[in-house]
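Colleague: I have a structure I would like to understand better, so I am pasting it below and will then ask my questions one at a time.
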Amino acid sequence: MQPSNEPSFRESVDLMFNRAVALMDLPAGLEEKIRVCNATYTVRFGVRLRGKIHTFTGYRSVHSEHMEPVKGGIRYALGVNQDEVEALAALMTYKCALVEAPFGGSKGGLRIDPREYDEHELELITRRFAYELIKRDLINPAQNVPAPDMGTGEREMAWIADQYKRMNTTDINGVACVTGKPTHAGGIQGRTEATGRGVQYALHAFFRDEQGLQKAGLKGTLKDKRVIVQGLGNVGYHAAKFLSEEDGCKITAIIERDGAVHDEGGLDVQAIYEWIGKHGTITGFPGVTVEDNGAKLLEADCDILIPAALEGVINLENADRIKAPLIIEAANGPVTSGADGILRKKGTVIIPDMYANAGGVTVSYFEWVKNLSHIRFGRMGRRQEESRHQLIVDELERLDRHLGDSWSMTPDFKNRYLRGAGELELVRSGLDDTMSTAYQSMADVWHGRDDVDDLRTAAYLVSIEKVAASYRAKGL
Ligand code: GLU
């Protein structure tokens with residue numbers, strides 16, 4: 001939640017937008033058209049639970065319809081309000097434009113603490129909320145396609161998809177009305193891990209950028225870099241897991257809602273994740289230093305800080321004391337615009353949210369395309385790819401026999417080469433390509449323009465230019 005002495009989340013996003021458009025030459029009026037949120041629908045509905053009627057408040061905000069459908073998650077949290085969904089919807093517009101997912105921006109939320117309800121109650125509430133949105137085409141495969149966000153996941157998306165099908169029995173593309181579904185209900189492999197995986201690919205792209213590394217005062221590879229993660233939800237967990245298990249990073253601190261753990265030698269992410277799953281809290285995890293005031297650890301010494309929880313956690317109050325030379329915004333809006341100014345002055349490099357956490361919507365795009373094409377990626381080509389590889393392997397084996405001891409295939413080569421790509425490999429390859437292309441487009445502006453000294457402004461410039469081009473093509 002944004003501190004009260006700072007602009008609201010929505011205003012904070014607008015301030016960052018304004019900084020970028022000041023460097024552009026947009027036609028009069030277009031700047032305003034892009035900035036404003038097109039519409040926000042508020043719904044209050046009742047559900048009978050435990051013998052009495054409970055009234056819930058939900059929102060679906062549409063920021064920009066320069067491309068349709070519009071896209072963005074639905075979050076379940078007590079802090080949900082109109083300002084927040086509008087800020088998040090705006091970020092979705094810029095995020096989709098930056099990674100070239102052909103969508104406008106939207107976001108939804110339900111003001112509820114999901115932990116207070118059992119599964120059956122949550123299903124009743126979700127279906128009723130979905131009903132309200134579906135009947136107004138605020139959930140629709142061609143117009144508005146939600147996805148998971150904080151407090152929601154595969155289970156809620158499956159209920160929403162089923163609700164849509166019940167209300168639109170003849171829509172052959174109905175399953176594309178929402179993404180982030182379980183694989184047995186029209187989902188795609190790799191969607192659950194996608195946002196965390198995208199954070200990892202974003203860091204790979206950053207660590208390939210020598211000039212960027214230099215600006216952050218970092219050297220070398222990700223191996224042994226000390227990383228602090230705030231929030232071990234879906235995004236933080238997958239990012240921390242992949243970075244520690246695959247890239248050799250040391251996760252030196254994990255900060256959760258109700259405490260934090262700290263170990264300079266590196267924490268076991270999987271064990272902590274399982275502990276939280278079992279005990280519902282991070283406190284009590286054995287063998288490490290437990291800190292009650294977790295937020296203090298945001299200020300600890302490290303190489304990379306990954307805020308992966310709420311907006312506004314790095315603000316005017318603590319920005320000065322943040323020591324990390326590199327922050328990657330896995331959450332949406334974790335750094336307020338005031339804090340952004342302080343950190344920029346200090347030379348902290350920030351990989352901005354609209355890029356850093358775009359892995360989720362990128363794989364959502366793949367899922368939506370899969371649903372509309374009614375076929376799994378790789379189904380037609382996999383065997384064909386494998387038999388062409390077999391031809392080469394046969395030929396190499398012939399050579400192997402012919403050359404005797406002087407040459408032979410490495411033992412693992414045959415197995416790895418023969419395997420054609422399945423859906424998960426294709427999803428990861430598409431995500432990696434998307435993240436590195438988008439990074440390059442931001443870095444070209446960051447390093448290439450004298451008037452741009454940070455990645456966030458670069459990201460805004462790239463994405464606003466794309467949104468503006470879309471509007472121009474529409475004749476606006
Ligand atoms: N809720 C995610 C986000 O903030 C995913 C949105 C989507 O997949 O549409 O980007």
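Residue numbers start at 1 in each chain; chains themselves are named A, B, ... in the order of the structure tokens; ligands are numbered from 1 in the order shown.
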Within 6 Å of ligand 1, counting only C-alpha atoms and all ligand atoms, which protein or nucleic acid residues do you find, written as a list in words?

Modeller: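 Residues lying within 6 Å of ligand 1: Lys71, Gly72, Gly73, Pro146, Ala147, Pro148, Asp149, Ala358, Gly360, Val361 and Ser364 of chain A.
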
Colleague: Please write the residues from the selection above to a file, keeping N, CA and C atoms, as a PDB file, in the first residue's frame.

Modeller:
```
ATOM      1  N   LYS A  71      -6.270  -7.131 -21.724  1.00  0.00           N
ATOM      2  CA  LYS A  71      -5.746  -8.257 -20.947  1.00  0.00           C
ATOM      3  C   LYS A  71      -5.240  -7.782 -19.597  1.00  0.00           C
ATOM      4  N   GLY A  72      -5.354  -8.637 -18.615  1.00  0.00           N
ATOM      5  CA  GLY A  72      -4.826  -8.326 -17.286  1.00  0.00           C
ATOM      6  C   GLY A  72      -5.475  -9.190 -16.228  1.00  0.00           C
ATOM      7  N   GLY A  73      -4.763  -9.390 -15.137  1.00  0.00           N
ATOM      8  CA  GLY A  73      -5.206 -10.324 -14.111  1.00  0.00           C
ATOM      9  C   GLY A  73      -6.382  -9.829 -13.286  1.00  0.00           C
ATOM     10  N   PRO A 146      -9.192 -12.044 -18.692  1.00  0.00           N
ATOM     11  CA  PRO A 146      -8.466 -12.004 -17.411  1.00  0.00           C
ATOM     12  C   PRO A 146      -7.444 -13.133 -17.264  1.00  0.00           C
ATOM     13  N   ALA A 147      -6.753 -13.115 -16.147  1.00  0.00           N
ATOM     14  CA  ALA A 147      -5.703 -14.090 -15.839  1.00  0.00           C
ATOM     15  C   ALA A 147      -5.495 -14.052 -14.327  1.00  0.00           C
ATOM     16  N   PRO A 148      -4.648 -14.919 -13.793  1.00  0.00           N
ATOM     17  CA  PRO A 148      -4.403 -14.866 -12.353  1.00  0.00           C
ATOM     18  C   PRO A 148      -3.600 -13.629 -11.959  1.00  0.00           C
ATOM     19  N   ASP A 149      -3.722 -13.252 -10.714  1.00  0.00           N
ATOM     20  CA  ASP A 149      -2.898 -12.194 -10.121  1.00  0.00           C
ATOM     21  C   ASP A 149      -2.815 -12.550  -8.632  1.00  0.00           C
ATOM     22  N   ALA A 358       6.691  -9.214 -17.180  1.00  0.00           N
ATOM     23  CA  ALA A 358       5.864  -9.424 -18.375  1.00  0.00           C
ATOM     24  C   ALA A 358       5.822 -10.888 -18.825  1.00  0.00           C
ATOM     25  N   GLY A 360       4.408 -13.347 -17.424  1.00  0.00           N
ATOM     26  CA  GLY A 360       3.073 -13.908 -17.210  1.00  0.00           C
ATOM     27  C   GLY A 360       2.161 -13.631 -18.394  1.00  0.00           C
ATOM     28  N   VAL A 361       2.076 -12.381 -18.786  1.00  0.00           N
ATOM     29  CA  VAL A 361       1.158 -12.056 -19.888  1.00  0.00           C
ATOM     30  C   VAL A 361       1.694 -12.597 -21.213  1.00  0.00           C
ATOM     31  N   SER A 364       0.518 -16.026 -21.227  1.00  0.00           N
ATOM     32  CA  SER A 364      -0.938 -15.944 -21.389  1.00  0.00           C
ATOM     33  C   SER A 364      -1.287 -15.779 -22.871  1.00  0.00           C
TER      34      SER A 364
END
```

Colleague: Excluding region 17-31 of chain A and residues on its chain fewer than 3 positions from it, collect all residues at most 9 Å away from it, counting only C-alpha atoms, and give them as a JSON list (two decimals) with N, CA, C and O atoms, in the first residue's frame.

Modeller:
```
[["chain", "number", "residue", "atom", "x", "y", "z"],
["A", 12, "SER", "N", 1.19, 7.86, -9.17],
["A", 12, "SER", "CA", 2.60, 7.50, -9.28],
["A", 12, "SER", "C", 2.91, 6.98, -10.70],
["A", 12, "SER", "O", 3.90, 7.37, -11.32],
["A", 13, "VAL", "N", 2.01, 6.12, -11.21],
["A", 13, "VAL", "CA", 2.20, 5.61, -12.58],
["A", 13, "VAL", "C", 2.11, 6.77, -13.58],
["A", 13, "VAL", "O", 2.92, 6.88, -14.51],
["A", 14, "ASP", "N", 1.15, 7.68, -13.35],
["A", 14, "ASP", "CA", 1.00, 8.83, -14.26],
["A", 14, "ASP", "C", 2.24, 9.72, -14.25],
["A", 14, "ASP", "O", 2.67, 10.24, -15.28],
["A", 34, "ILE", "N", -3.83, 8.51, -24.28],
["A", 34, "ILE", "CA", -3.14, 7.29, -23.86],
["A", 34, "ILE", "C", -3.11, 7.20, -22.33],
["A", 34, "ILE", "O", -3.30, 6.12, -21.77],
["A", 35, "ARG", "N", -2.91, 8.32, -21.66],
["A", 35, "ARG", "CA", -2.76, 8.29, -20.19],
["A", 35, "ARG", "C", -4.03, 7.85, -19.47],
["A", 35, "ARG", "O", -3.98, 7.05, -18.55],
["A", 36, "VAL", "N", -5.17, 8.36, -19.92],
["A", 36, "VAL", "CA", -6.39, 8.14, -19.14],
["A", 36, "VAL", "C", -6.88, 6.69, -19.21],
["A", 36, "VAL", "O", -6.60, 5.97, -20.15],
["A", 451, "ASP", "N", 19.27, 11.96, -23.22],
["A", 451, "ASP", "CA", 18.27, 12.48, -22.29],
["A", 451, "ASP", "C", 17.55, 11.37, -21.53],
["A", 451, "ASP", "O", 16.60, 11.64, -20.80],
["A", 452, "VAL", "N", 17.97, 10.12, -21.70],
["A", 452, "VAL", "CA", 17.33, 9.01, -20.96],
["A", 452, "VAL", "C", 18.38, 8.35, -20.07],
["A", 452, "VAL", "O", 19.37, 7.81, -20.58],
["A", 456, "ARG", "N", 13.44, 2.55, -16.83],
["A", 456, "ARG", "CA", 11.98, 2.73, -16.78],
["A", 456, "ARG", "C", 11.53, 3.74, -17.84],
["A", 456, "ARG", "O", 10.58, 3.48, -18.59],
["A", 457, "THR", "N", 12.24, 4.87, -17.91],
["A", 457, "THR", "CA", 11.86, 5.86, -18.92],
["A", 457, "THR", "C", 12.01, 5.25, -20.31],
["A", 457, "THR", "O", 11.17, 5.44, -21.19],
["A", 458, "ALA", "N", 13.09, 4.46, -20.50],
["A", 458, "ALA", "CA", 13.30, 3.81, -21.79],
["A", 458, "ALA", "C", 12.13, 2.88, -22.11],
["A", 458, "ALA", "O", 11.59, 2.87, -23.23],
["A", 459, "ALA", "N", 11.68, 2.12, -21.11],
["A", 459, "ALA", "CA", 10.57, 1.18, -21.32],
["A", 459, "ALA", "C", 9.29, 1.94, -21.69],
["A", 459, "ALA", "O", 8.57, 1.55, -22.62],
["A", 460, "TYR", "N", 9.03, 3.04, -20.97],
["A", 460, "TYR", "CA", 7.84, 3.85, -21.29],
["A", 460, "TYR", "C", 7.94, 4.39, -22.72],
["A", 460, "TYR", "O", 6.96, 4.37, -23.46],
["A", 461, "LEU", "N", 9.13, 4.88, -23.09],
["A", 461, "LEU", "CA", 9.26, 5.47, -24.43],
["A", 461, "LEU", "C", 8.94, 4.43, -25.51],
["A", 461, "LEU", "O", 8.21, 4.70, -26.46],
["A", 464, "ILE", "N", 5.02, 3.48, -25.19],
["A", 464, "ILE", "CA", 4.08, 4.55, -25.56],
["A", 464, "ILE", "C", 4.15, 4.77, -27.09],
["A", 464, "ILE", "O", 3.13, 5.01, -27.74],
["A", 465, "GLU", "N", 5.35, 4.68, -27.63],
["A", 465, "GLU", "CA", 5.49, 4.84, -29.08],
["A", 465, "GLU", "C", 4.65, 3.80, -29.83],
["A", 465, "GLU", "O", 3.98, 4.10, -30.81],
["A", 468, "ALA", "N", 0.96, 4.64, -29.39],
["A", 468, "ALA", "CA", 0.65, 5.82, -30.23],
["A", 468, "ALA", "C", 0.52, 5.39, -31.70],
["A", 468, "ALA", "O", -0.39, 5.84, -32.40],
["A", 471, "TYR", "N", -2.86, 3.89, -32.28],
["A", 471, "TYR", "CA", -3.91, 4.90, -32.34],
["A", 471, "TYR", "C", -3.86, 5.64, -33.67],
["A", 471, "TYR", "O", -4.89, 5.89, -34.30],
["A", 476, "LEU", "N", -6.74, 8.17, -35.24],
["A", 476, "LEU", "CA", -6.97, 9.10, -34.13],
["A", 476, "LEU", "C", -5.90, 10.19, -34.08],
["A", 476, "LEU", "O", -4.73, 9.90, -34.27]]
```

Colleague: Could you check which of A:Asp209, A:Phe366, A:Ala101, A:Gly79 is closest to Asp113 (chain A), using only C-alpha atoms?

Modeller: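 Of A:Asp209, A:Phe366, A:Ala101, A:Gly79, the one nearest Asp113 (chain A), counting only C-alpha atoms, is A:Gly79.
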
Colleague: Give the helix (DSSP H, G or I) residues of region 156-185 of chain A, as DSSP finds them on the backbone, and put them as a tab-separated table (two decimals) with N, CA, C and O atoms, in the first residue's frame.

Modeller:
```tsv
chain	number	residue	atom	x	y	z
A	156	GLU	N	-9.19	-20.66	-9.78
A	156	GLU	CA	-10.17	-19.59	-10.04
A	156	GLU	C	-10.38	-19.41	-11.54
A	156	GLU	O	-11.50	-19.16	-12.00
A	157	MET	N	-9.29	-19.54	-12.33
A	157	MET	CA	-9.41	-19.35	-13.78
A	157	MET	C	-10.27	-20.47	-14.39
A	157	MET	O	-11.05	-20.23	-15.31
A	158	ALA	N	-10.13	-21.68	-13.86
A	158	ALA	CA	-10.95	-22.80	-14.36
A	158	ALA	C	-12.43	-22.54	-14.06
A	158	ALA	O	-13.30	-22.79	-14.90
A	159	TRP	N	-12.75	-22.00	-12.88
A	159	TRP	CA	-14.14	-21.69	-12.54
A	159	TRP	C	-14.68	-20.61	-13.49
A	159	TRP	O	-15.81	-20.69	-13.96
A	160	ILE	N	-13.83	-19.60	-13.76
A	160	ILE	CA	-14.27	-18.50	-14.64
A	160	ILE	C	-14.54	-19.04	-16.05
A	160	ILE	O	-15.57	-18.74	-16.67
A	161	ALA	N	-13.63	-19.89	-16.56
A	161	ALA	CA	-13.81	-20.45	-17.91
A	161	ALA	C	-15.09	-21.27	-17.97
A	161	ALA	O	-15.87	-21.18	-18.93
A	162	ASP	N	-15.34	-22.05	-16.93
A	162	ASP	CA	-16.53	-22.89	-16.92
A	162	ASP	C	-17.80	-22.03	-16.86
A	162	ASP	O	-18.80	-22.31	-17.53
A	163	GLN	N	-17.74	-20.97	-16.06
A	163	GLN	CA	-18.89	-20.07	-15.95
A	163	GLN	C	-19.20	-19.45	-17.32
A	163	GLN	O	-20.35	-19.34	-17.74
A	164	TYR	N	-18.14	-19.04	-18.03
A	164	TYR	CA	-18.34	-18.44	-19.35
A	164	TYR	C	-18.98	-19.46	-20.30
A	164	TYR	O	-19.92	-19.14	-21.05
A	165	LYS	N	-18.47	-20.71	-20.25
A	165	LYS	CA	-19.03	-21.75	-21.14
A	165	LYS	C	-20.51	-22.00	-20.84
A	165	LYS	O	-21.32	-22.19	-21.74
A	166	ARG	N	-20.87	-21.97	-19.56
A	166	ARG	CA	-22.29	-22.17	-19.20
A	166	ARG	C	-23.17	-21.06	-19.76
A	166	ARG	O	-24.33	-21.29	-20.08
A	167	MET	N	-22.60	-19.85	-19.83
A	167	MET	CA	-23.41	-18.71	-20.28
A	167	MET	C	-23.31	-18.51	-21.79
A	167	MET	O	-24.05	-17.71	-22.36
A	174	GLY	N	-14.82	-20.27	-26.49
A	174	GLY	CA	-15.11	-19.87	-25.11
A	174	GLY	C	-13.94	-20.04	-24.16
A	174	GLY	O	-13.72	-19.21	-23.28
A	175	VAL	N	-13.18	-21.11	-24.32
A	175	VAL	CA	-12.11	-21.39	-23.36
A	175	VAL	C	-11.02	-20.31	-23.39
A	175	VAL	O	-10.27	-20.15	-22.42
A	176	ALA	N	-10.98	-19.54	-24.48
A	176	ALA	CA	-9.99	-18.44	-24.58
A	176	ALA	C	-10.45	-17.19	-23.83
A	176	ALA	O	-9.82	-16.14	-23.94
A	177	CYS	N	-11.53	-17.28	-23.05
A	177	CYS	CA	-12.04	-16.10	-22.34
A	177	CYS	C	-11.19	-15.74	-21.13
A	177	CYS	O	-11.35	-14.67	-20.55
A	183	THR	N	-3.71	-27.13	-17.02
A	183	THR	CA	-3.52	-27.74	-18.36
A	183	THR	C	-4.68	-28.67	-18.72
A	183	THR	O	-5.00	-28.82	-19.89
A	184	HIS	N	-5.32	-29.27	-17.73
A	184	HIS	CA	-6.43	-30.17	-18.06
A	184	HIS	C	-7.71	-29.40	-18.38
A	184	HIS	O	-8.74	-29.97	-18.71
A	185	ALA	N	-7.67	-28.07	-18.28
A	185	ALA	CA	-8.86	-27.27	-18.61
A	185	ALA	C	-8.50	-26.20	-19.63
A	185	ALA	O	-8.95	-25.06	-19.53
```

Colleague: Might you pull out every residue within 8 Å of Glu65 (chain A), with only C-alpha atoms counted and same-chain residues fewer than 5 positions away left off, and present them as a ChimeraX atom specification?

Modeller: /A:38,70,103-105

Colleague: Any chance you could export the current selection's N, CA, C and O atoms as a short mmCIF file (atom, residue, chain, number, x, y, z; two decimals), in the first residue's frame?

Modeller:
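As written to disk, selection_39.cif reads:
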```
data_model
loop_
_atom_site.label_atom_id
_atom_site.label_comp_id
_atom_site.auth_asym_id
_atom_site.auth_seq_id
_atom_site.Cartn_x
_atom_site.Cartn_y
_atom_site.Cartn_z
N ASN A 38 -9.82 4.21 -19.80
CA ASN A 38 -11.06 4.33 -20.57
C ASN A 38 -12.31 4.14 -19.72
O ASN A 38 -13.26 4.90 -19.83
N VAL A 70 -8.58 -6.77 -24.43
CA VAL A 70 -7.73 -6.18 -23.41
C VAL A 70 -7.37 -7.31 -22.43
O VAL A 70 -8.08 -8.31 -22.34
N PHE A 103 -2.45 -6.93 -27.14
CA PHE A 103 -3.59 -6.67 -26.27
C PHE A 103 -3.59 -5.23 -25.78
O PHE A 103 -2.52 -4.61 -25.65
N GLY A 104 -4.78 -4.73 -25.42
CA GLY A 104 -4.87 -3.51 -24.63
C GLY A 104 -4.72 -3.88 -23.16
O GLY A 104 -4.57 -5.06 -22.82
N GLY A 105 -4.79 -2.87 -22.28
CA GLY A 105 -4.55 -3.14 -20.86
C GLY A 105 -5.80 -3.11 -20.02
O GLY A 105 -6.68 -2.25 -20.21
#
```

Colleague: I want to know what sits within 10 Å of Glu6 (chain A), based on only C-alpha atoms, with residues of the same chain fewer than 6 positions away left out; could you give that as an NGL selection string?

Modeller: :A and (12 or 312 or 315-317 or 336-339)

Colleague: Rank A:Asp303, A:Asp320, A:Asp450, A:Glu329 by their smallest atom-to-atom distance to Leu343 (chain A), using only C-alpha atoms, and report the top residue only.

Modeller: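 Once distances to Leu343 (chain A) are computed over only C-alpha atoms, the minimum belongs to A:Asp320.
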
Colleague: Nearest to Ala308 (chain A): which of A:Gly287, A:Ala240, A:Val235, A:Gly266 is it, counting only C-alpha atoms?

Modeller: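 Closest residue, counting only C-alpha atoms: A:Val235.
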
Colleague: Which residues come within 8 Å of Asp258 (chain A), counting only C-alpha atoms, excluding same-chain residues fewer than 6 positions away, as a ChimeraX atom specification?

Modeller: /A:281-283,292,294

Colleague: Taking only region 122-214 of chain A into account, list the residues labelled strand (DSSP E or B) by DSSP (computed from the backbone), as an MDAnalysis selection string.

Modeller: chainID A and resid 140 144:145 148

Colleague: Output N, CA and C atoms for every residue in that selection, as an mmCIF file, in the first residue's frame.

Modeller:
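Done, and the output landed in result_14.cif:
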```
data_model
loop_
_atom_site.group_PDB
_atom_site.id
_atom_site.type_symbol
_atom_site.label_atom_id
_atom_site.label_comp_id
_atom_site.auth_asym_id
_atom_site.auth_seq_id
_atom_site.Cartn_x
_atom_site.Cartn_y
_atom_site.Cartn_z
ATOM 1 N N ASN A 140 -14.495 -12.010 -22.016
ATOM 2 C CA ASN A 140 -14.923 -12.406 -23.361
ATOM 3 C C ASN A 140 -13.660 -12.648 -24.204
ATOM 4 N N ASN A 144 -12.122 -9.090 -23.580
ATOM 5 C CA ASN A 144 -11.456 -8.872 -22.296
ATOM 6 C C ASN A 144 -11.116 -10.232 -21.676
ATOM 7 N N VAL A 145 -9.838 -10.490 -21.543
ATOM 8 C CA VAL A 145 -9.376 -11.821 -21.130
ATOM 9 C C VAL A 145 -8.571 -11.731 -19.822
ATOM 10 N N PRO A 148 -4.648 -14.919 -13.793
ATOM 11 C CA PRO A 148 -4.403 -14.866 -12.353
ATOM 12 C C PRO A 148 -3.600 -13.629 -11.959
#
```

Colleague: Using only C-alpha atoms, which of A:Tyr117, A:Arg398, A:Phe377, A:Arg136 sits nearest Arg50 (chain A)?

Modeller: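 Checking each candidate against Arg50 (chain A), we get A:Tyr117 as the closest.
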
Colleague: Which residue out of A:Gln143, A:Thr55, A:Ser387, A:Gln82 has the minimum interatomic distance to Ile112 (chain A) when only C-alpha atoms are used?

Modeller: A:Thr55
